[in-house]
Each structure stands twice: as C-alpha cells, then as structure tokens.
Amino acid sequence: MSKHRKSLDVAKAAALFKVLGHPHRLAIVLQLCDRCGAVGAREEEAVAACVGDLSKGLDISPSTVSHHLKELRQAGIITMERDGQHVQCCPNLEVVAQLNAFIGEKCCGG
C-alpha cells in the first residue's frame, strides 16, 4: 500500500462496510465506479452521475436514491457536487482504494 494513503483500522472499515451493506447503496457505488471511477481512465472520460440517472438504473424512486446518496456521502464513500439544478456524484476513489487495500492486506498479506 502507498505510504501516502492512510490505512483503515477495523472500526473504520466496519463502519464503511456497514454503509455498503445495503444492496441499493452497494449498487449505487458500483454504478458510480463504472461511470467515473475506472482505473486508468483519463479525467475527461470520467462522467459523474446525476441522481435521476441513478434512479433509472436501479428501478427505485429518486427520493430513495437521494436518501442512499446522503448516507454514502456522510460516510465519505462518495462525493457530491451541485452543478446548477443537478447534483453530480462520484465515488471517493481514495476511500475505495483504502477498502480494497484493507481487504487485500488481510486476505493476501499485502
């Protein structure tokens, strides 16, 4: 793991996994990773997702998606930025990398 990346302790990792434990929240994060979190993607290729886009893909109401996005944002798993009347969402790639490294260290020895 990079020396610049802060590693997670068990309590923090558990809190993040608890937030991701809801199927809709996990699906939202996976959609966001597909859209704007691809490893090696150039910045101009990254396309943030809007709430309306996410609700269509999950077959749940926009208000329910908004609730899940709030939970994900509060946990630091995603970032949200207002662009006019739209709210653009992207995964917090640093946190995603921390979760990946946490599991990798525990399962694969680093």
# chains A, B, ... in the order shown; residues from 1 in each chain; ligands from 1
call {"tool": "residues_around", "arguments": {"residues": "Ala49 in chain A", "least_positions_apart": "2", "cutoff": "8 Å", "atoms": "only C-alpha atoms", "output": "ChimeraX atom specification"}}
result
/A:32,35-36,47,51,53-54,88-90
call {"tool": "write_last_selection", "arguments": {"atoms": "N, CA and C atoms", "output": "PDB file, in the first residue's frame"}}
result
ATOM      1  N   LEU A  32     -21.502   4.137  -9.880  1.00  0.00           N
ATOM      2  CA  LEU A  32     -20.632   5.312  -9.909  1.00  0.00           C
ATOM      3  C   LEU A  32     -19.209   4.926 -10.301  1.00  0.00           C
ATOM      4  N   ARG A  35     -19.061   4.535 -13.960  1.00  0.00           N
ATOM      5  CA  ARG A  35     -19.159   5.793 -14.700  1.00  0.00           C
ATOM      6  C   ARG A  35     -17.932   6.669 -14.554  1.00  0.00           C
ATOM      7  N   CYS A  36     -17.422   6.804 -13.335  1.00  0.00           N
ATOM      8  CA  CYS A  36     -16.348   7.791 -13.160  1.00  0.00           C
ATOM      9  C   CYS A  36     -15.209   7.310 -12.274  1.00  0.00           C
ATOM     10  N   VAL A  47     -17.317  10.550 -16.138  1.00  0.00           N
ATOM     11  CA  VAL A  47     -18.596  11.235 -16.236  1.00  0.00           C
ATOM     12  C   VAL A  47     -19.345  11.011 -14.935  1.00  0.00           C
ATOM     13  N   VAL A  51     -28.513  12.156  -9.905  1.00  0.00           N
ATOM     14  CA  VAL A  51     -29.483  11.381  -9.144  1.00  0.00           C
ATOM     15  C   VAL A  51     -30.521  10.737 -10.065  1.00  0.00           C
ATOM     16  N   ASP A  53     -30.252   9.864 -13.172  1.00  0.00           N
ATOM     17  CA  ASP A  53     -29.639   8.763 -13.925  1.00  0.00           C
ATOM     18  C   ASP A  53     -29.558   7.500 -13.068  1.00  0.00           C
ATOM     19  N   LEU A  54     -29.179   7.665 -11.817  1.00  0.00           N
ATOM     20  CA  LEU A  54     -29.017   6.521 -10.932  1.00  0.00           C
ATOM     21  C   LEU A  54     -30.354   5.859 -10.617  1.00  0.00           C
ATOM     22  N   GLN A  88     -24.102  16.160  -9.078  1.00  0.00           N
ATOM     23  CA  GLN A  88     -23.244  15.145  -9.685  1.00  0.00           C
ATOM     24  C   GLN A  88     -22.543  14.353  -8.593  1.00  0.00           C
ATOM     25  N   CYS A  89     -22.506  13.056  -8.780  1.00  0.00           N
ATOM     26  CA  CYS A  89     -21.947  12.149  -7.781  1.00  0.00           C
ATOM     27  C   CYS A  89     -20.813  11.332  -8.393  1.00  0.00           C
ATOM     28  N   CYS A  90     -19.780  11.111  -7.598  1.00  0.00           N
ATOM     29  CA  CYS A  90     -18.658  10.256  -7.992  1.00  0.00           C
ATOM     30  C   CYS A  90     -18.185   9.503  -6.755  1.00  0.00           C
TER      31      CYS A  90
END
call {"tool": "select_by_dssp", "arguments": {"residues": "chain A", "states": "strand (DSSP E)", "output": "PyMOL selection string"}}
result
chain A and resi 49-50+78-83+86-91
call {"tool": "write_last_selection", "arguments": {"atoms": "N, CA and C atoms", "output": "mmCIF file, in the first residue's frame"}}
result
data_model
loop_
_atom_site.group_PDB
_atom_site.id
_atom_site.type_symbol
_atom_site.label_atom_id
_atom_site.label_comp_id
_atom_site.auth_asym_id
_atom_site.auth_seq_id
_atom_site.Cartn_x
_atom_site.Cartn_y
_atom_site.Cartn_z
ATOM 1 N N ALA A 49 -22.354 10.924 -12.322
ATOM 2 C CA ALA A 49 -23.756 10.533 -12.487
ATOM 3 C C ALA A 49 -24.643 11.491 -11.704
ATOM 4 N N CYS A 50 -25.804 11.765 -12.260
ATOM 5 C CA CYS A 50 -26.801 12.574 -11.575
ATOM 6 C C CYS A 50 -27.824 11.652 -10.913
ATOM 7 N N ILE A 78 -18.683 8.561 -1.225
ATOM 8 C CA ILE A 78 -18.880 9.287 -2.481
ATOM 9 C C ILE A 78 -18.720 10.776 -2.238
ATOM 10 N N THR A 79 -18.548 11.508 -3.328
ATOM 11 C CA THR A 79 -18.563 12.965 -3.278
ATOM 12 C C THR A 79 -19.749 13.443 -4.100
ATOM 13 N N MET A 80 -20.289 14.575 -3.727
ATOM 14 C CA MET A 80 -21.418 15.154 -4.446
ATOM 15 C C MET A 80 -21.128 16.624 -4.682
ATOM 16 N N GLU A 81 -21.441 17.083 -5.892
ATOM 17 C CA GLU A 81 -21.204 18.471 -6.250
ATOM 18 C C GLU A 81 -22.394 18.992 -7.036
ATOM 19 N N ARG A 82 -22.892 20.149 -6.626
ATOM 20 C CA ARG A 82 -24.034 20.743 -7.324
ATOM 21 C C ARG A 82 -23.544 21.434 -8.587
ATOM 22 N N ASP A 83 -24.269 21.179 -9.683
ATOM 23 C CA ASP A 83 -23.994 21.804 -10.969
ATOM 24 C C ASP A 83 -25.326 22.331 -11.485
ATOM 25 N N HIS A 86 -28.580 20.195 -11.054
ATOM 26 C CA HIS A 86 -28.175 18.798 -10.958
ATOM 27 C C HIS A 86 -27.152 18.625 -9.851
ATOM 28 N N VAL A 87 -27.186 17.454 -9.240
ATOM 29 C CA VAL A 87 -26.177 17.077 -8.268
ATOM 30 C C VAL A 87 -25.391 15.933 -8.885
ATOM 31 N N GLN A 88 -24.102 16.160 -9.078
ATOM 32 C CA GLN A 88 -23.244 15.145 -9.685
ATOM 33 C C GLN A 88 -22.543 14.353 -8.593
ATOM 34 N N CYS A 89 -22.506 13.056 -8.780
ATOM 35 C CA CYS A 89 -21.947 12.149 -7.781
ATOM 36 C C CYS A 89 -20.813 11.332 -8.393
ATOM 37 N N CYS A 90 -19.780 11.111 -7.598
ATOM 38 C CA CYS A 90 -18.658 10.256 -7.992
ATOM 39 C C CYS A 90 -18.185 9.503 -6.755
ATOM 40 N N PRO A 91 -17.583 8.330 -6.957
ATOM 41 C CA PRO A 91 -17.022 7.627 -5.803
ATOM 42 C C PRO A 91 -15.808 8.388 -5.282
#
call {"tool": "select_by_dssp", "arguments": {"residues": "chain A", "states": "alpha helix (DSSP H)", "output": "ChimeraX atom specification"}}
result
/A:10-20,23-36,51-58,62-75,93-108
call {"tool": "residues_around", "arguments": {"residues": "Val19 in chain A", "least_positions_apart": "5", "cutoff": "9 Å", "atoms": "only C-alpha atoms", "output": "list in words"}}
result
Ala14, Arg25, Leu26, Glu71, Leu72, Ala75 and Ile77 of chain A
call {"tool": "write_last_selection", "arguments": {"atoms": "all heavy atoms", "output": "compact mmCIF listing (two decimals), in the first residue's frame"}}
result
# COMPACT_ATOMS: atom_id res chain seq x y z
N ALA A 14 -15.22 -1.36 9.29
CA ALA A 14 -16.53 -1.93 9.61
C ALA A 14 -17.65 -0.91 9.38
O ALA A 14 -18.71 -1.26 8.84
CB ALA A 14 -16.55 -2.44 11.05
N ARG A 25 -27.32 0.75 -1.86
CA ARG A 25 -26.12 1.59 -1.71
C ARG A 25 -24.94 0.97 -2.43
O ARG A 25 -24.18 1.67 -3.11
CB ARG A 25 -25.79 1.80 -0.24
CG ARG A 25 -26.78 2.70 0.44
CD ARG A 25 -26.35 3.05 1.86
NE ARG A 25 -27.53 3.45 2.59
CZ ARG A 25 -27.90 2.98 3.76
NH1 ARG A 25 -27.14 2.12 4.40
NH2 ARG A 25 -29.00 3.39 4.33
N LEU A 26 -24.79 -0.34 -2.29
CA LEU A 26 -23.70 -1.01 -2.99
C LEU A 26 -23.88 -0.88 -4.50
O LEU A 26 -22.93 -0.58 -5.22
CB LEU A 26 -23.62 -2.47 -2.58
CG LEU A 26 -22.48 -3.28 -3.19
CD1 LEU A 26 -21.12 -2.65 -2.91
CD2 LEU A 26 -22.53 -4.71 -2.69
N GLU A 71 -26.44 8.98 2.77
CA GLU A 71 -25.73 8.05 3.65
C GLU A 71 -24.31 7.78 3.15
O GLU A 71 -23.36 7.77 3.93
CB GLU A 71 -26.51 6.74 3.77
CG GLU A 71 -27.88 6.87 4.39
CD GLU A 71 -27.85 7.20 5.86
OE1 GLU A 71 -26.95 6.69 6.57
OE2 GLU A 71 -28.72 7.97 6.30
N LEU A 72 -24.18 7.58 1.85
CA LEU A 72 -22.87 7.32 1.26
C LEU A 72 -21.95 8.54 1.37
O LEU A 72 -20.76 8.41 1.65
CB LEU A 72 -23.02 6.90 -0.21
CG LEU A 72 -23.66 5.53 -0.44
CD1 LEU A 72 -24.10 5.39 -1.89
CD2 LEU A 72 -22.69 4.41 -0.05
N ALA A 75 -20.71 9.04 4.94
CA ALA A 75 -19.66 8.06 5.27
C ALA A 75 -18.36 8.37 4.55
O ALA A 75 -17.33 7.78 4.86
CB ALA A 75 -20.14 6.65 4.93
N ILE A 77 -17.88 7.86 1.29
CA ILE A 77 -17.69 6.88 0.22
C ILE A 77 -17.87 7.53 -1.15
O ILE A 77 -17.27 7.09 -2.13
CB ILE A 77 -18.62 5.67 0.41
CG1 ILE A 77 -18.27 4.98 1.74
CG2 ILE A 77 -18.54 4.70 -0.75
CD1 ILE A 77 -19.27 3.95 2.18
call {"tool": "atom_distance", "arguments": {"atom1": "CA of Ile103 in chain A", "atom2": "CA of Leu8 in chain A"}}
result
10.0 Å
call {"tool": "residues_around", "arguments": {"residues": "His67 in chain A", "least_positions_apart": "5", "cutoff": "12 Å", "atoms": "only C-alpha atoms", "output": "tab-separated table (two decimals) with N, CA and C atoms, in the first residue's frame"}}
result
chain	number	residue	atom	x	y	z
A	24	HIS	N	-28.98	-1.46	-2.28
A	24	HIS	CA	-29.11	-0.29	-3.14
A	24	HIS	C	-27.87	0.60	-3.05
A	25	ARG	N	-27.32	0.75	-1.86
A	25	ARG	CA	-26.12	1.59	-1.71
A	25	ARG	C	-24.94	0.97	-2.43
A	28	ILE	N	-25.41	1.51	-6.09
A	28	ILE	CA	-25.12	2.90	-6.45
A	28	ILE	C	-23.61	3.11	-6.58
A	51	VAL	N	-28.51	12.16	-9.91
A	51	VAL	CA	-29.48	11.38	-9.14
A	51	VAL	C	-30.52	10.74	-10.06
A	55	SER	N	-31.40	6.65	-10.43
A	55	SER	CA	-32.70	6.08	-10.07
A	55	SER	C	-33.26	5.25	-11.22
A	60	ILE	N	-35.66	2.39	-8.56
A	60	ILE	CA	-36.16	2.93	-7.29
A	60	ILE	C	-36.37	4.42	-7.48
A	61	SER	N	-37.16	5.00	-6.61
A	61	SER	CA	-37.53	6.40	-6.77
A	61	SER	C	-36.32	7.31	-6.55
A	62	PRO	N	-36.34	8.49	-7.20
A	62	PRO	CA	-35.25	9.45	-6.98
A	62	PRO	C	-35.09	9.85	-5.52
A	72	LEU	N	-24.18	7.58	1.85
A	72	LEU	CA	-22.87	7.32	1.26
A	72	LEU	C	-21.95	8.54	1.37
A	73	ARG	N	-22.52	9.73	1.16
A	73	ARG	CA	-21.72	10.97	1.26
A	73	ARG	C	-21.28	11.19	2.71
A	74	GLN	N	-22.17	10.99	3.66
A	74	GLN	CA	-21.82	11.19	5.07
A	74	GLN	C	-20.72	10.23	5.53
call {"tool": "closest_residue", "arguments": {"among": "A:Leu93, A:Cys108, A:Ala48, A:Leu30", "to": "Gly76 in chain A", "atoms": "only C-alpha atoms"}}
result
A:Leu93
